[in-house]
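J.: Here you go, work-v2.cif (mmCIF, C-alpha atoms and all ligand atoms):
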data_target
loop_
_atom_site.label_atom_id
_atom_site.label_comp_id
_atom_site.auth_asym_id
_atom_site.auth_seq_id
_atom_site.Cartn_x
_atom_site.Cartn_y
_atom_site.Cartn_z
CA MET A 17 103.86 114.17 97.37
CA THR A 18 105.46 117.49 96.48
CA GLY A 19 103.02 119.98 95.08
CA ARG A 20 99.93 117.88 95.74
CA LYS A 21 97.10 119.93 97.24
CA VAL A 22 93.89 118.91 98.97
CA PHE A 23 90.82 121.16 98.94
CA LEU A 24 87.87 120.48 101.24
CA THR A 25 84.52 120.72 99.44
CA PRO A 26 80.85 120.68 100.57
CA SER A 27 80.48 117.05 99.31
CA GLY A 28 82.00 114.35 97.14
CA THR A 29 79.56 115.43 94.44
CA HIS A 30 81.01 118.96 94.51
CA ALA A 31 84.57 117.60 94.41
CA LEU A 32 83.75 115.72 91.19
CA GLU A 33 82.08 118.80 89.67
CA LEU A 34 85.06 120.95 90.57
CA ALA A 35 87.42 118.36 89.05
CA PHE A 36 85.75 118.56 85.64
CA MET A 37 85.34 122.33 85.82
CA ALA A 38 89.11 122.53 86.39
CA LEU A 39 89.96 120.14 83.54
CA ALA A 40 87.88 122.31 81.16
CA LEU A 41 87.68 119.58 78.51
CA GLU A 42 86.22 120.55 75.17
CA SER A 43 82.42 120.38 75.22
CA GLY A 44 81.09 117.05 73.92
CA SER A 45 84.28 115.13 74.82
CA GLU A 46 83.79 111.55 76.03
CA VAL A 47 84.73 110.28 79.47
CA ILE A 48 84.89 106.57 80.32
CA LEU A 49 83.33 105.48 83.63
CA PRO A 50 81.53 102.47 85.12
CA SER A 51 77.73 102.36 85.18
CA PHE A 52 77.86 100.67 88.59
CA THR A 53 78.21 103.91 90.58
CA PHE A 54 76.31 106.78 92.14
CA SER A 55 74.54 109.39 89.99
CA SER A 56 77.07 112.07 91.06
CA THR A 57 79.84 110.41 89.03
CA ALA A 58 77.92 110.91 85.78
CA ASN A 59 76.31 114.23 86.78
CA ALA A 60 79.73 115.86 87.09
CA LEU A 61 80.26 115.06 83.39
CA LEU A 62 76.87 116.31 82.24
CA MET A 63 77.35 119.56 84.16
CA ALA A 64 80.66 120.09 82.34
CA GLY A 65 79.05 119.41 78.93
CA LEU A 66 80.81 116.02 78.61
CA LYS A 67 79.49 112.67 77.45
CA PRO A 68 79.56 109.69 79.85
CA VAL A 69 80.61 106.44 78.14
CA PHE A 70 79.74 103.50 80.36
CA VAL A 71 82.02 100.46 80.52
CA ASP A 72 81.36 97.16 82.31
CA ILE A 73 82.85 96.09 85.65
CA ARG A 74 84.86 93.12 86.90
CA SER A 75 82.80 90.47 88.63
CA ASP A 76 85.32 90.02 91.49
CA THR A 77 85.78 93.60 92.77
CA LEU A 78 82.84 95.29 90.98
CA ASN A 79 85.36 97.89 89.77
CA LEU A 80 85.79 99.21 86.22
CA ASP A 81 87.03 96.32 84.03
CA GLU A 82 90.40 97.67 82.90
CA THR A 83 90.54 95.13 80.05
CA LEU A 84 87.48 96.74 78.40
CA VAL A 85 88.54 100.38 78.67
CA GLU A 86 90.81 100.75 75.65
CA LYS A 87 88.17 99.32 73.28
CA ARG A 88 85.95 102.28 74.11
CA VAL A 89 88.59 104.97 73.54
CA THR A 90 87.81 107.13 70.47
CA SER A 91 89.30 110.37 69.10
CA ARG A 92 86.74 112.20 71.29
CA THR A 93 87.78 110.47 74.55
CA LYS A 94 89.50 112.87 76.92
CA ALA A 95 89.41 111.26 80.37
CA ILE A 96 88.83 108.10 82.41
CA LEU A 97 86.81 108.24 85.63
CA PRO A 98 87.40 105.04 87.62
CA VAL A 99 85.32 104.46 90.77
CA HIS A 100 86.98 102.58 93.64
CA TYR A 101 84.11 100.47 94.91
CA ALA A 102 83.82 99.59 98.61
CA GLY A 103 87.30 100.92 99.40
CA VAL A 104 89.05 98.48 97.05
CA GLY A 105 91.17 100.08 94.33
CA CYS A 106 90.64 99.68 90.59
CA GLU A 107 93.56 98.13 88.65
CA MET A 108 95.15 101.56 88.22
CA ASN A 109 98.47 100.57 86.62
CA PRO A 110 96.90 99.31 83.37
CA ILE A 111 94.45 102.24 83.45
CA LEU A 112 97.38 104.69 83.77
CA GLU A 113 99.09 103.01 80.81
CA ILE A 114 95.98 103.43 78.64
CA ALA A 115 95.70 107.08 79.73
CA ASN A 116 99.35 107.70 78.85
CA ARG A 117 99.04 105.99 75.47
CA HIS A 118 96.05 108.13 74.47
CA GLY A 119 96.81 111.36 76.34
CA LEU A 120 93.80 111.05 78.67
CA LYS A 121 93.30 112.64 82.09
CA ILE A 122 92.32 110.49 85.07
CA VAL A 123 89.87 111.60 87.74
CA GLU A 124 89.40 109.02 90.50
CA ASP A 125 86.04 108.77 92.20
CA ALA A 126 87.53 107.79 95.56
CA ALA A 127 84.35 108.80 97.42
CA GLN A 128 84.50 105.45 99.26
CA GLY A 129 88.30 105.32 99.26
CA ILE A 130 89.67 107.12 102.32
CA ASP A 131 92.53 105.26 104.07
CA ALA A 132 92.81 102.63 101.33
CA CYS A 133 95.68 101.98 98.91
CA TYR A 134 96.42 100.52 95.50
CA ASP A 135 100.01 99.39 94.90
CA GLY A 136 101.07 101.32 98.02
CA LYS A 137 99.47 104.60 96.88
CA PRO A 138 96.47 106.15 98.62
CA LEU A 139 93.32 106.00 96.48
CA GLY A 140 92.53 109.43 95.05
CA THR A 141 96.21 110.37 94.68
CA ILE A 142 97.01 108.22 91.62
CA GLY A 143 95.28 110.16 88.81
CA ASN A 144 95.42 113.89 87.96
CA LEU A 145 92.57 114.53 90.37
CA GLY A 146 90.73 112.48 93.01
CA ALA A 147 87.46 113.02 94.89
CA TYR A 148 86.65 111.91 98.45
CA SER A 149 83.28 112.00 100.19
CA PHE A 150 82.67 112.60 103.88
CA HIS A 151 78.93 111.97 103.66
CA GLN A 152 77.38 110.35 106.72
CA THR A 153 77.40 106.96 104.99
CA LYS A 154 81.19 107.00 104.47
CA ASN A 155 83.98 105.77 106.79
CA VAL A 156 85.03 109.28 107.85
CA THR A 157 82.29 111.90 107.97
CA CYS A 158 81.17 115.39 108.91
CA GLY A 159 77.57 114.83 107.81
CA GLU A 160 78.07 116.26 104.33
CA GLY A 161 81.56 116.98 103.05
CA GLY A 162 84.21 116.05 100.54
CA ALA A 163 87.68 116.80 99.24
CA LEU A 164 89.38 117.21 95.90
CA ILE A 165 92.95 115.90 95.71
CA VAL A 166 94.90 117.80 93.06
CA SER A 167 97.99 115.79 92.14
CA ASP A 168 98.49 117.56 88.81
CA GLN A 169 100.26 120.72 89.88
CA ALA A 170 99.24 122.57 86.73
CA LEU A 171 95.62 122.48 87.98
CA VAL A 172 96.13 123.89 91.48
CA LYS A 173 95.63 127.59 90.62
CA THR A 174 92.59 126.84 88.45
CA VAL A 175 90.96 124.85 91.25
CA GLU A 176 91.67 127.67 93.71
CA ILE A 177 89.84 130.12 91.43
CA HIS A 178 86.83 127.93 90.56
CA ARG A 179 86.10 127.08 94.20
CA GLU A 180 86.24 130.76 95.26
CA LYS A 181 83.39 131.91 93.00
CA GLY A 182 85.78 132.44 90.10
CA THR A 183 87.95 134.94 91.99
CA ASN A 184 91.63 134.93 92.92
CA ARG A 185 90.73 135.34 96.62
CA THR A 186 92.98 132.40 97.58
CA ALA A 187 96.02 134.20 96.15
CA PHE A 188 94.92 137.31 98.09
CA LEU A 189 94.62 135.32 101.35
CA ASN A 190 98.09 133.90 100.70
CA ASN A 191 99.42 137.48 100.35
CA GLU A 192 100.37 136.89 96.73
CA ILE A 193 98.29 139.90 95.51
CA ASP A 194 96.88 143.00 97.27
CA LYS A 195 93.23 142.76 96.16
CA TYR A 196 91.09 140.08 94.55
CA THR A 197 88.75 140.16 91.57
CA TRP A 198 86.53 138.04 89.31
CA ILE A 199 88.63 136.26 86.71
CA ASP A 200 86.85 133.05 85.63
CA VAL A 201 83.71 130.98 86.03
CA GLY A 202 83.31 129.48 89.49
CA SER A 203 81.07 128.52 92.35
CA SER A 204 81.28 128.12 96.11
CA TYR A 205 83.01 124.81 96.71
CA LEU A 206 84.13 125.48 100.28
CA LEU A 207 83.53 123.37 103.39
CA ALA A 208 82.42 125.42 106.39
CA ASP A 209 85.00 125.58 109.22
CA PRO A 210 82.73 124.01 111.90
CA LEU A 211 82.31 120.94 109.67
CA ALA A 212 86.05 120.87 108.97
CA ALA A 213 86.63 120.80 112.74
CA ILE A 214 84.36 117.76 113.09
CA LEU A 215 86.17 116.14 110.18
CA LEU A 216 89.57 116.73 111.76
CA ALA A 217 88.52 114.86 114.90
CA GLN A 218 87.42 111.94 112.69
CA PHE A 219 90.72 111.98 110.80
CA GLU A 220 92.65 111.70 114.03
CA GLU A 221 90.89 108.35 114.58
CA VAL A 222 90.86 107.07 111.00
CA ARG A 223 93.19 104.12 111.70
CA GLN A 224 90.97 102.99 114.59
CA VAL A 225 87.91 103.34 112.34
CA THR A 226 89.52 101.20 109.64
CA GLY A 227 90.71 98.69 112.27
CA ALA A 228 87.24 98.34 113.78
CA ARG A 229 85.68 97.90 110.34
CA LYS A 230 88.29 95.30 109.49
CA ARG A 231 87.30 93.23 112.54
CA VAL A 232 83.62 93.31 111.52
CA PHE A 233 84.56 92.49 107.91
CA GLU A 234 86.84 89.58 108.84
CA THR A 235 84.22 88.13 111.18
CA TYR A 236 81.66 88.13 108.36
CA ARG A 237 84.21 86.65 106.00
CA THR A 238 85.14 83.81 108.36
CA ARG A 239 81.66 83.00 109.62
CA LEU A 240 79.96 83.23 106.22
CA ASP A 241 82.62 81.31 104.30
CA VAL A 242 80.35 78.24 104.46
CA LEU A 243 77.98 80.03 102.06
CA ARG A 244 80.37 79.12 99.25
CA GLU A 245 78.65 75.72 99.43
CA TYR A 246 75.51 77.51 98.28
CA HIS A 247 77.45 79.29 95.51
CA VAL A 248 77.22 82.61 97.32
CA ARG A 249 80.25 84.85 96.74
CA LEU A 250 82.00 87.01 99.32
CA PRO A 251 83.98 90.23 98.60
CA GLU A 252 87.52 89.83 97.24
CA ILE A 253 90.48 92.10 97.94
CA PRO A 254 93.26 91.72 95.35
CA ALA A 255 96.83 91.49 96.67
CA THR A 256 97.61 94.91 95.11
CA CYS A 257 95.00 96.57 97.35
CA ARG A 258 94.70 97.59 100.98
CA SER A 259 91.00 98.00 101.74
CA ASN A 260 89.29 100.37 104.15
CA TYR A 261 86.46 97.82 104.56
CA HIS A 262 83.85 100.35 103.47
CA ASN A 263 81.25 97.67 102.94
CA PHE A 264 80.66 93.94 103.13
CA TYR A 265 78.51 92.31 100.51
CA LEU A 266 77.26 88.94 99.36
CA ILE A 267 76.68 88.06 95.71
CA LEU A 268 73.70 85.72 95.71
CA ARG A 269 72.95 83.16 93.00
CA SER A 270 70.12 85.16 91.48
CA ASN A 271 68.10 88.34 91.75
CA VAL A 272 65.18 86.32 93.15
CA GLU A 273 67.36 84.82 95.90
CA ARG A 274 68.83 88.26 96.71
CA ASP A 275 65.37 89.81 97.09
CA ARG A 276 64.18 86.90 99.25
CA LEU A 277 67.20 87.24 101.55
CA LEU A 278 66.66 91.04 101.75
CA GLY A 279 63.05 90.41 102.82
CA HIS A 280 64.13 87.73 105.32
CA LEU A 281 66.67 90.07 106.97
CA ARG A 282 64.39 93.11 106.97
CA GLU A 283 61.63 91.08 108.66
CA ARG A 284 64.16 90.50 111.43
CA GLY A 285 64.92 94.23 111.70
CA ILE A 286 68.34 93.94 109.99
CA GLY A 287 69.29 96.85 107.73
CA ALA A 288 70.53 94.91 104.71
CA THR A 289 70.41 96.73 101.37
CA PHE A 290 71.09 96.34 97.66
CA HIS A 291 73.42 98.81 95.89
CA PHE A 292 73.66 100.99 92.77
CA VAL A 293 70.95 100.63 90.19
CA PRO A 294 73.08 100.79 86.99
CA LEU A 295 73.22 104.30 85.52
CA HIS A 296 73.12 103.14 81.88
CA ASP A 297 69.69 101.65 82.54
CA SER A 298 68.15 104.67 84.30
CA PRO A 299 65.50 107.22 83.31
CA ALA A 300 68.26 109.87 83.10
CA ALA A 301 70.30 107.72 80.68
CA ARG A 302 67.21 107.50 78.45
CA LYS A 303 66.51 111.22 78.79
CA PHE A 304 70.09 112.13 77.78
CA GLY A 305 70.52 109.35 75.21
CA LEU A 306 73.30 107.59 77.13
CA GLU A 307 72.21 103.98 76.60
CA SER A 308 75.41 102.04 76.10
CA GLY A 309 74.16 98.64 74.99
CA PRO A 310 74.14 95.80 77.49
CA LEU A 311 76.69 95.75 80.31
CA PRO A 312 76.17 92.14 81.36
CA VAL A 313 78.37 92.02 84.49
CA THR A 314 77.00 95.33 85.80
CA GLU A 315 73.40 94.20 85.29
CA GLU A 316 74.06 90.78 86.81
CA MET A 317 75.95 92.01 89.88
CA SER A 318 73.56 94.86 90.59
CA GLY A 319 70.72 92.32 90.72
CA ARG A 320 72.56 89.86 92.95
CA ILE A 321 74.37 92.06 95.48
CA LEU A 322 73.28 92.39 99.10
CA ARG A 323 75.14 94.51 101.65
CA LEU A 324 75.23 93.63 105.34
CA PRO A 325 75.49 96.21 108.15
CA ILE A 326 79.10 97.27 108.82
CA TYR A 327 80.20 100.06 111.14
CA PRO A 328 82.89 100.44 113.80
CA ASN A 329 80.69 99.96 116.85
CA LEU A 330 78.58 97.09 115.55
CA GLY A 331 78.54 94.89 118.68
CA SER A 332 79.54 91.25 118.40
CA ASP A 333 76.11 90.10 119.69
CA GLU A 334 74.42 92.18 117.01
CA GLN A 335 76.76 90.89 114.36
CA GLU A 336 76.11 87.30 115.49
CA ARG A 337 72.40 87.93 115.07
CA VAL A 338 72.98 89.15 111.49
CA ILE A 339 75.20 86.15 110.72
CA GLY A 340 72.71 83.74 112.35
CA SER A 341 69.85 85.19 110.30
CA VAL A 342 71.80 84.85 107.04
CA LEU A 343 72.84 81.25 107.80
CA ASN A 344 69.27 80.41 108.80
CA PHE A 345 67.96 81.55 105.46
CA PHE A 346 70.14 79.00 103.67
CA LYS A 347 69.46 76.15 106.11
CA GLU A 348 65.67 76.56 105.98
C1 LIG B 401 79.07 108.82 98.16
C2 LIG B 401 79.50 108.77 96.76
C3 LIG B 401 79.52 109.93 95.95
C4 LIG B 401 78.95 111.25 96.38
O1 LIG B 401 79.47 111.78 97.54
P1 LIG B 401 78.60 112.85 98.38
O2 LIG B 401 79.54 113.34 99.42
O3 LIG B 401 77.43 112.11 98.95
O4 LIG B 401 78.18 113.92 97.45
C5 LIG B 401 80.04 109.84 94.67
N1 LIG B 401 80.51 108.67 94.19
C6 LIG B 401 80.47 107.53 94.92
C7 LIG B 401 81.02 106.28 94.34
C8 LIG B 401 79.95 107.54 96.22
O5 LIG B 401 79.93 106.40 96.92
#
Rewrite the structure of this file - the entire thing - as structure tokens.
Ligand SMILES: *Cc1c(COP(=O)(O)O)cnc(C)c1O
T.:
Amino acid sequence: MTGRKVFLTPSGTHALELAFMALALESGSEVILPSFTFSSTANALLMAGLKPVFVDIRSDTLNLDETLVEKRVTSRTKAILPVHYAGVGCEMNPILEIANRHGLKIVEDAAQGIDACYDGKPLGTIGNLGAYSFHQTKNVTCGEGGALIVSDQALVKTVEIHREKGTNRTAFLNNEIDKYTWIDVGSSYLLADPLAAILLAQFEEVRQVTGARKRVFETYRTRLDVLREYHVRLPEIPATCRSNYHNFYLILRSNVERDRLLGHLRERGIGATFHFVPLHDSPAARKFGLESGPLPVTEEMSGRILRLPIYPNLGSDEQERVIGSVLNFFKE
């Protein structure tokens, strides 16, 4: 880990923005990313004058389909932006090989990836840069917060300048220079100390948080395994990955069945939700001309996914009520 630096940011969104500001790719360059993600992933590209190129996902992990990436590489492609969904890593080894072959940078959207690994490496530390989120919906949180992991040592100084309003104040604080001045474009990508203090307390308990989530996750997985009889799919964790159990989802047979189950659970006061409305099929994609043609797996999975409540102190009685309500729906 020599030379790797971590910078706290006001959010995961800001970490992604800072990543692309630091890479300073030529305006109009293409970046490959999944459409099954949060708007922030694509916004970071637009704000840096880059063009998002959406690629489909795998139906088992809902992560970027590494077998489709190389087909979309052109002479304008400059980076790949994989998103680690639900704390399960993308197949990074093949993605790294593609990046090496074509001289592309990798920025990992590891917003959901704290305390999870791919091939023994922490998510967010595998590419040139990696972004974490500490938003209140994430496993470790300070309300709003994030971090940028800079593994590419050549980018450390640049990141230090961009996050300090384009000044070399960091070098000044480190006693490397005797006064600081404006030297490049920048913004304020700093996390306030009081929030960092809250975050530190959360970090000290991260293994317990992951452990508690794992228990909830495994209980769902065991008790809902019978749903396979109804052709409902449960989340899969490849052998190369260690998950942080960020979420637990079901893939229903159809969009109609998913919406009916959502209604059934909500009537019973259970906070089940869908996830990501695909970016390539959004008003913003139309506004910016980013339609990518059909992404069949993304469209299919986005219509069929349903997430169940998962958090460390979800009581076993409460979880049994969720499980009972799901099973009921299928037995009715
Ligand atoms: C949460 C999330 C973000 C944004 O993080 P914020 O801290 O809310 O700005 C970006 N990408 C993904 C995949 C996320 O889940």
J.: Could you report the residues within 8 Å of ligand LIG 401 (chain B), using only C-alpha atoms and all ligand atoms, as JSON, numbers by chain?
T.: {"A": [26, 27, 28, 29, 30, 31, 32, 53, 54, 55, 56, 57, 99, 100, 101, 125, 126, 127, 128, 148, 149, 150, 151, 152, 153, 154, 160, 161, 162]}
J.: Tell me which protein, DNA and RNA residues are within 6 Å of stretch 204-212 of chain A, counting all atoms listed in the file, leaving out same-chain ones fewer than 5 positions away, and put them as an MDAnalysis selection string.
T.: chainID A and resid 24:26 158 179:181
J.: Measure the distance from atom CA of A:Arg237 to atom CA of A:Glu107 in Å and round it to one decimal.
T.: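 Distance reported for this atom pair: 22.8 Å.
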J.: What lies within 8 Å of stretch 72-85 of chain A using all atoms listed in the file, ignoring chain neighbours under 3 positions off, as an NGL selection string?
T.: :A and (48-52 or 88-89 or 98-101 or 104-107 or 110-111 or 251-253 or 311-314 or 317)
J.: To one decimal in Å, tell me the separation between atom CA of A:Phe290 and atom CA of A:Ala228.
T.: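 Computing it gives 22.9 Å between the two atoms.
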J.: Quick one: residues within 8 Å of A:Asn260, only C-alpha atoms, excluding same-chain residues fewer than 2 positions away - as a PyMOL selection string?
T.: chain A and resi 102-104+129-132+226+229-230+258+262
J.: One decimal, Å: what's the distance from atom CA of A:Ser43 over to atom CA of A:Gly119, could you say?
T.: 17.0 Å
J.: With all atoms listed in the file as the counted atoms, please give the residues lying no more than 12 Å from stretch 299-303 of chain A, apart from itself and same-chain residues fewer than 4 positions off, as a list in words.
T.: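 Skipping anything fewer than 4 positions along the chain leaves Ser51, Ser55, Ala58, Asn59, Leu62, Lys67, Pro68, Val69, Phe70, Val293, Pro294, Leu295, Glu307, Ser308 and Gly309 of chain A.
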J.: For stretch 265-280 of chain A, list every protein, DNA or RNA residue within 10 Å, evaluated using only C-alpha atoms, and leave out those in the same chain fewer than 5 positions away; present the list as an MDAnalysis selection string.
T.: chainID A and resid 75:76 102 233 236:237 240 243 246:252 285:291 316:326 341:342 344:346
J.: Pick out the closest residue to A:His178 from this set: A:Leu281, A:Gly65, A:Ala35, A:Arg337. Count only C-alpha atoms.
T.: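 Checking each of A:Leu281, A:Gly65, A:Ala35, A:Arg337 against A:His178, counting only C-alpha atoms, the winner is A:Ala35.
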J.: Using only C-alpha atoms, which of the listed residues (A:Ile199, A:Leu61, A:Ala187, A:Met108) sits closest to A:Gly136?
T.: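 The closest residue to A:Gly136 is A:Met108.
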J.: Return the single residue from A:Val156, A:Arg20, A:Ala255, A:Phe36 that is closest to A:Tyr134, with distances computed using all atoms listed in the file.
T.: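 Ranking A:Val156, A:Arg20, A:Ala255, A:Phe36 by distance to A:Tyr134, first place goes to A:Ala255.
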J.: Name the closest residue to A:Val22 among the candidates A:Asp168, A:Glu336, A:Glu113, A:Glu315; distances are taken between atoms, counting only C-alpha atoms.
T.: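 Using only C-alpha atoms, A:Val22 sits closest to A:Asp168.
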